[in-house]
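Colleague: I'd like to ask some things about the structure below.
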Amino acid sequence: MTTKQESDTRLLMRPLNWLETRSEEVFAYVLLAPAFALLAVVAFFPLIRTFQFSLLSDQVSDPSPLGGFAGAENYLDLLTGTALLPQQFLDPTFETPILQQALFVTLLFAVLSVLFETLVGFGQALVIDQEFYGRRWVRVAIIIPYAIPIVIQAMIFFLIFNPTIGFGTEFMQWLGIFGDNPLANSSDSFVIVLVADIWKTSAFMALLILAGLQSVDRGLYDVARVSGASKWQQFKYITLPLVAPALLVAMLFRTMDAMRIYGLVDATAGCQTVPSMSCLVITALRGTRRWATASAVAFLTAVVIGVLVAVYLVALRNREAGVT
Amino acid sequence: MSDRQPDVAGDRQPEAAATEAAVDEPDLDRGVVEAWAARMISNPERAYRAGFYTATIFFIVTTLFPFFWLFVIAVTPRSNLSDIGVFTPGGTPRAEVTIPLLEWTLAVPAGVPVDLNPAAFIEIFTVIPFHRYVFNSFLIATVATVVVLFVASLAGYVFGRLRFRGRNTLLLLVLVTSFFPPAAFFVPLNRLFNANIDVLAPLMQDGSLYNTPYAIFIPLSALYLPLSIFILTTFYSQIPDGLEDAARVEGTTRLGALFRVIVPLSAPGVATAGVLTFITVYNEYFFSSLMTNGLERNWAPMLEGILQFQGQFEVFYNLMAAASIVAVLPVAILVVVAQEKIVSGLTAGAVKE
């Protein structure tokens with residue numbers, strides 16, 4: 001028994017001892033192996049496969065959904081609006097309404113949601129940045145939407161804008177914005193999804209902006225006060241420029257996240273009503289069994305996000321270089 | 001006045017004087033609103049404070065009201081669902097009040113609701129096994145958190161404390177994966193997890209990972225790994241080298257030094273990474289909704305449970321609301337308990353960028 005245990009420990013110790021005698025460099029690579037193995041299986045390998053799939057042709061009724069090599073055909077179909085999908089990715093003739101074109105829906109959603117979330121999040125960050133009695137609980141109340149599961153966020157707004165039980169529809173109709181059944185109408189649903197997203201993710205912006213606010217040297221405000229600057233001038237000339245880098249980073253994260261929107265749409269209005277880019281991937285895959293087209297949509301989504309990230313990074317670098 | 005700190009007093013006195021001057025203007029006959037406005041103009045500090053309180057109350061109401069309203073729906077009996085008010089459950093006696101000048105009628109609650117149905121919170125577990133769905137989610141999130149913390153600890157140690165060739169390239173590679181949308185990985189993963197792999201046949205029913213918790217937590221662990229790696233890299237790099245050296249001199253291995261010295265000393269960072277990973281995995285929608293067929297015995301997570309009330313049982317709005325409240329409790333408690341960790345984790349990551 002003891003000898004078996006001993007040999008067991010020795011067996012366990014052998015790789016550890018081997019590791020101990022290696023150089024720091026080898027040690028580093030060995031420790032990174034699990035992380036990169038996981039990323040390889042789930043991220044790198046699928047990414048390459050997605051690109052490969054996107055160059056094949058669809059076989060809708062064949063047992064194997066992927067056909068022979070088709071080159072850039074899927075991409076051309078998607079970009080000219082002739083893909084055989086219930087919704088189009090992009091229709092350059094603009095015969096399809098804008099809110100039925102995945103690219104424009106997603107871009108519009110990303111721009112509007114990030115804009116409003118930045119404004120609301122800035123307001124929230126300024127509130128939590130103050131010292132006051134009960135600050136801890138106000139902070140919990142403000143960040144709690146960030147921790148809400150997407151499906152519950154979707155349920156909340158599904159119920160609020162449900163014509164029979166919610167008050168939201170009635171209120172928006174009274175304002176003259178919504179039609180009869182908002183969750184079946186593209187533009188009304190778009191507004192609902194937008195409001196739901198702002199409700200949840202402003203908290204995320206608030207937290208990242210708060211980080212920027214707290215790194216501002218408080219002494220600067222004393223100097224400003226002595227020089228007679230008003231609160232607004234303090235905000236404009238001290239807070240805003242110093243928070244700008246953190247703000248841009250937060251907006252970058254939010255834009256990337258907004259471009260992948262899927263769950264909120266799926267659980268409220270449905271992917272038919274508001275076809276975001278991620279939605280279109282799933283529609284193509286599950287709805288019409290067009291694997292190759294789905295892969296092409298997925299890859300185009302990644303490309304669009306990559307372009308936006310590049311724009312942000314250039315803006316960040318210019319700011320750091322003082323060009324602004 | 002006399003007990004104030006001198007500098008504070010110097011700060012406040014002119015303002016106080018201004019306020020008094022504004023209030024004590026005898027020859028002006030002002031109404032309540034005008035007097036208030038005049039005080040605001042003469043003393044902007046007051047206006048800012050009023051604005052601050054208004055904003056605070058506005059934010060608290062908008063973030064918390066939906067939860068209150070979910071509760072209102074949950075306790076409304078099914079027969080009264082079409083009668084739910086903005087603040088009160090269906091079936092509350094209401095009186096019509098006409099607002100003068102504007103000619104709006106407003107139904108104002110005029111009594112205590114008699115007919116409440118708290119049994120909805122029990123019904124959700126009997127109509128479908130909702131507890132099983134929540135348990136599945138809980139288990140998946142816990143396992144993913146443990147895996148992510150372990151793997152990210154190793155990687156964070158390497159990126160934070162070791163010098164080696166290719167460090168920046170590898171770090172960039174980790175960062176790049178978080179740029180891609182889950183949809184970009186989904187098609188091949190879907191195929192991979194649906195394929196029958198012979199090696200797995202003795203372990204899984206049909207040799208495929210579809211309808212198992214693995215199909216959800218493996219992709220999610222990998223996708224949320226980069227965030228934890230960044231948080232832990234920051235924390236591990238701040239531990240002084242001397243402590244690690246001392247442990248090495250005492251005779252631990254390099255791995256021993258990591259798990260006996262560096263990880264315990266970075267406990268706040270590890271807790272932050274753990275809390276954030278748990279919350280994001282528990283909240284995730286994309287893979288959670290696509291990697292099972294939605295049956296609780298096939299490890300479908302909580303979101304499928306909630307959607308069951310939406311699809312199969314069309315009219316059970318009150319159960320949807322009750323189920324949402326129950327499923328939100330674990331993360332809500334986590335936020336209340338660990339709010340400092342969440343704030344410090346997200347802000348530390350951002351400052352480092």
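Ordering of the structure tokens sets the chain letters (A, B, ...); residue numbers start at 1 within each chain; ligands are numbered from 1 in the order shown.
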If you take only C-alpha atoms and a cut-off of 6 Å, which residues of chain A touch chain B, and what are their nearest atom pairs and distances in Å to one decimal, in chain and number order, as CSV?
Modeller:
```
residue,atom,partner,partner_atom,distance
A:Glu25,CA,B:Phe164,CA,5.2
A:Ala28,CA,B:Val158,CA,5.5
A:Leu31,CA,B:Leu154,CA,5.5
A:Leu32,CA,B:Ala155,CA,5.2
A:Ala35,CA,B:Val151,CA,5.6
A:Leu38,CA,B:Ala222,CA,5.7
A:Leu39,CA,B:Ala222,CA,5.5
A:Val42,CA,B:Pro219,CA,5.6
A:Pro46,CA,B:Phe185,CA,5.1
A:Leu47,CA,B:Phe185,CA,5.6
A:Ala141,CA,B:Ile60,CA,5.9
A:Pro149,CA,B:Asn283,CA,3.8
A:Ile150,CA,B:Asn283,CA,5.8
A:Val151,CA,B:Leu303,CA,5.8
A:Ile152,CA,B:Ser324,CA,5.6
A:Thr164,CA,B:Ser82,CA,5.5
A:Ile165,CA,B:Ser82,CA,4.9
A:Leu208,CA,B:Thr347,CA,5.6
A:Ala211,CA,B:Thr347,CA,4.8
A:Arg260,CA,B:Pro181,CA,5.6
A:Gly263,CA,B:Tyr285,CA,5.4
A:Ser278,CA,B:Ala183,CA,5.8
A:Ala298,CA,B:Ala184,CA,4.7
A:Phe299,CA,B:Ala184,CA,5.8
A:Ala302,CA,B:Phe180,CA,5.6
```
Colleague: Keeping only N, CA and C atoms, write those residues as a PDB file, in the first residue's frame.
Modeller:
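Resulting contents of result28.pdb:
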```pdb
ATOM      1  N   GLU A  25      12.044  30.249 -19.585  1.00  0.00           N
ATOM      2  CA  GLU A  25      11.291  30.371 -20.824  1.00  0.00           C
ATOM      3  C   GLU A  25      10.401  29.144 -21.059  1.00  0.00           C
ATOM      4  N   ALA A  28       7.564  29.082 -18.690  1.00  0.00           N
ATOM      5  CA  ALA A  28       6.500  29.998 -19.096  1.00  0.00           C
ATOM      6  C   ALA A  28       5.609  29.356 -20.144  1.00  0.00           C
ATOM      7  N   LEU A  31       3.322  26.634 -18.646  1.00  0.00           N
ATOM      8  CA  LEU A  31       2.189  27.164 -17.880  1.00  0.00           C
ATOM      9  C   LEU A  31       1.142  27.803 -18.782  1.00  0.00           C
ATOM     10  N   LEU A  32       1.572  28.308 -19.935  1.00  0.00           N
ATOM     11  CA  LEU A  32       0.600  28.928 -20.841  1.00  0.00           C
ATOM     12  C   LEU A  32      -0.166  27.883 -21.640  1.00  0.00           C
ATOM     13  N   ALA A  35      -4.085  27.439 -21.151  1.00  0.00           N
ATOM     14  CA  ALA A  35      -4.861  28.576 -21.636  1.00  0.00           C
ATOM     15  C   ALA A  35      -4.921  28.567 -23.158  1.00  0.00           C
ATOM     16  N   LEU A  38      -7.115  25.747 -24.607  1.00  0.00           N
ATOM     17  CA  LEU A  38      -8.537  26.099 -24.535  1.00  0.00           C
ATOM     18  C   LEU A  38      -8.900  27.101 -25.630  1.00  0.00           C
ATOM     19  N   LEU A  39      -8.050  28.135 -25.767  1.00  0.00           N
ATOM     20  CA  LEU A  39      -8.334  29.151 -26.780  1.00  0.00           C
ATOM     21  C   LEU A  39      -8.232  28.560 -28.180  1.00  0.00           C
ATOM     22  N   VAL A  42     -11.499  26.533 -28.856  1.00  0.00           N
ATOM     23  CA  VAL A  42     -12.742  27.285 -28.900  1.00  0.00           C
ATOM     24  C   VAL A  42     -12.650  28.522 -29.782  1.00  0.00           C
ATOM     25  N   PRO A  46     -11.815  27.267 -34.545  1.00  0.00           N
ATOM     26  CA  PRO A  46     -13.112  27.574 -35.159  1.00  0.00           C
ATOM     27  C   PRO A  46     -13.075  28.781 -36.086  1.00  0.00           C
ATOM     28  N   LEU A  47     -12.239  29.766 -35.746  1.00  0.00           N
ATOM     29  CA  LEU A  47     -12.175  30.962 -36.580  1.00  0.00           C
ATOM     30  C   LEU A  47     -11.673  30.613 -37.981  1.00  0.00           C
ATOM     31  N   ALA A 141     -27.478  49.891  -6.242  1.00  0.00           N
ATOM     32  CA  ALA A 141     -28.684  50.070  -7.067  1.00  0.00           C
ATOM     33  C   ALA A 141     -28.303  50.398  -8.501  1.00  0.00           C
ATOM     34  N   PRO A 149     -29.067  38.649 -15.722  1.00  0.00           N
ATOM     35  CA  PRO A 149     -28.977  37.784 -16.898  1.00  0.00           C
ATOM     36  C   PRO A 149     -29.735  38.381 -18.089  1.00  0.00           C
ATOM     37  N   ILE A 150     -29.169  38.208 -19.280  1.00  0.00           N
ATOM     38  CA  ILE A 150     -29.768  38.796 -20.482  1.00  0.00           C
ATOM     39  C   ILE A 150     -31.208  38.353 -20.656  1.00  0.00           C
ATOM     40  N   VAL A 151     -31.482  37.081 -20.331  1.00  0.00           N
ATOM     41  CA  VAL A 151     -32.830  36.583 -20.571  1.00  0.00           C
ATOM     42  C   VAL A 151     -33.828  37.287 -19.650  1.00  0.00           C
ATOM     43  N   ILE A 152     -33.400  37.650 -18.442  1.00  0.00           N
ATOM     44  CA  ILE A 152     -34.320  38.320 -17.518  1.00  0.00           C
ATOM     45  C   ILE A 152     -34.502  39.778 -17.922  1.00  0.00           C
ATOM     46  N   THR A 164     -50.984  43.519 -23.765  1.00  0.00           N
ATOM     47  CA  THR A 164     -52.074  43.244 -22.835  1.00  0.00           C
ATOM     48  C   THR A 164     -51.741  43.605 -21.392  1.00  0.00           C
ATOM     49  N   ILE A 165     -50.519  43.344 -20.952  1.00  0.00           N
ATOM     50  CA  ILE A 165     -50.274  43.584 -19.531  1.00  0.00           C
ATOM     51  C   ILE A 165     -49.339  44.756 -19.254  1.00  0.00           C
ATOM     52  N   LEU A 208     -16.612  51.940 -15.728  1.00  0.00           N
ATOM     53  CA  LEU A 208     -15.338  52.240 -16.383  1.00  0.00           C
ATOM     54  C   LEU A 208     -15.032  53.737 -16.335  1.00  0.00           C
ATOM     55  N   ALA A 211     -13.699  54.727 -12.989  1.00  0.00           N
ATOM     56  CA  ALA A 211     -12.272  54.474 -12.842  1.00  0.00           C
ATOM     57  C   ALA A 211     -11.477  55.683 -13.314  1.00  0.00           C
ATOM     58  N   ARG A 260     -22.332  42.541 -31.235  1.00  0.00           N
ATOM     59  CA  ARG A 260     -22.645  41.107 -31.207  1.00  0.00           C
ATOM     60  C   ARG A 260     -24.039  40.844 -30.678  1.00  0.00           C
ATOM     61  N   GLY A 263     -28.881  37.803 -27.839  1.00  0.00           N
ATOM     62  CA  GLY A 263     -29.812  37.273 -26.849  1.00  0.00           C
ATOM     63  C   GLY A 263     -31.007  38.165 -26.580  1.00  0.00           C
ATOM     64  N   SER A 278     -25.477  38.855 -35.628  1.00  0.00           N
ATOM     65  CA  SER A 278     -25.397  37.546 -34.973  1.00  0.00           C
ATOM     66  C   SER A 278     -26.686  36.762 -35.171  1.00  0.00           C
ATOM     67  N   ALA A 298     -20.953  35.298 -40.359  1.00  0.00           N
ATOM     68  CA  ALA A 298     -20.180  35.366 -39.118  1.00  0.00           C
ATOM     69  C   ALA A 298     -18.831  36.019 -39.359  1.00  0.00           C
ATOM     70  N   PHE A 299     -18.203  35.652 -40.469  1.00  0.00           N
ATOM     71  CA  PHE A 299     -16.883  36.214 -40.736  1.00  0.00           C
ATOM     72  C   PHE A 299     -16.978  37.700 -41.072  1.00  0.00           C
ATOM     73  N   ALA A 302     -17.240  39.608 -37.934  1.00  0.00           N
ATOM     74  CA  ALA A 302     -15.934  39.790 -37.306  1.00  0.00           C
ATOM     75  C   ALA A 302     -15.144  40.883 -38.014  1.00  0.00           C
TER      76      ALA A 302
END
```
Colleague: From a backbone DSSP assignment, name each residue in stretch 88-126 of chain A labelled alpha helix (DSSP H), as a list in words.
Modeller: Ala102, Leu103, Phe104, Val105, Thr106, Leu107, Leu108, Phe109, Ala110, Val111, Leu112, Ser113, Val114, Leu115, Phe116, Glu117, Thr118, Leu119, Val120, Gly121, Phe122, Gly123, Gln124, Ala125 and Leu126 of chain A
Colleague: Within stretch 63-213 of chain A, find each residue whose DSSP state, derived from the backbone, is strand (DSSP E or B), and express the selection as a PDB file with C-alpha atoms, in the first residue's frame.
Modeller:
```
ATOM      1  CA  LEU A  66     -21.402  21.942 -46.911  1.00  0.00           C
ATOM      2  CA  GLY A  67     -20.740  21.509 -50.605  1.00  0.00           C
ATOM      3  CA  GLY A  68     -17.765  22.142 -52.875  1.00  0.00           C
ATOM      4  CA  PHE A  69     -15.518  25.149 -53.143  1.00  0.00           C
ATOM      5  CA  GLN A  88     -30.576  40.450 -46.033  1.00  0.00           C
ATOM      6  CA  GLN A 101     -30.714  44.825 -43.314  1.00  0.00           C
TER       7      GLN A 101
END
```
Colleague: Would you compute the distance between atom CA of A:Gly179 and atom CA of B:Pro89? Give it in Å to one decimal.
Modeller: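 Those two atoms sit 25.5 Å apart.
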Colleague: Kindly give the distance, in Å, that separates atom CA of A:Ile156 and atom CA of A:Thr273, rounded to a single decimal.
Modeller: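 A separation of 18.4 Å between them.
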Colleague: Please determine, counting only C-alpha atoms, which residue among A:Asn318, A:Thr293, A:Gln153, A:Asn17 has the shortest atom-to-atom distance to A:Leu85.
Modeller: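 Nearest candidate to A:Leu85 out of A:Asn318, A:Thr293, A:Gln153, A:Asn17: A:Thr293.
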Colleague: Name all residues at most 12 Å from A:Thr118 (count only C-alpha atoms; drop same-chain ones fewer than 5 positions away) and give them as a ChimeraX atom specification.
Modeller: /A:110-113,123-126,198-199,201-210,244,246-255
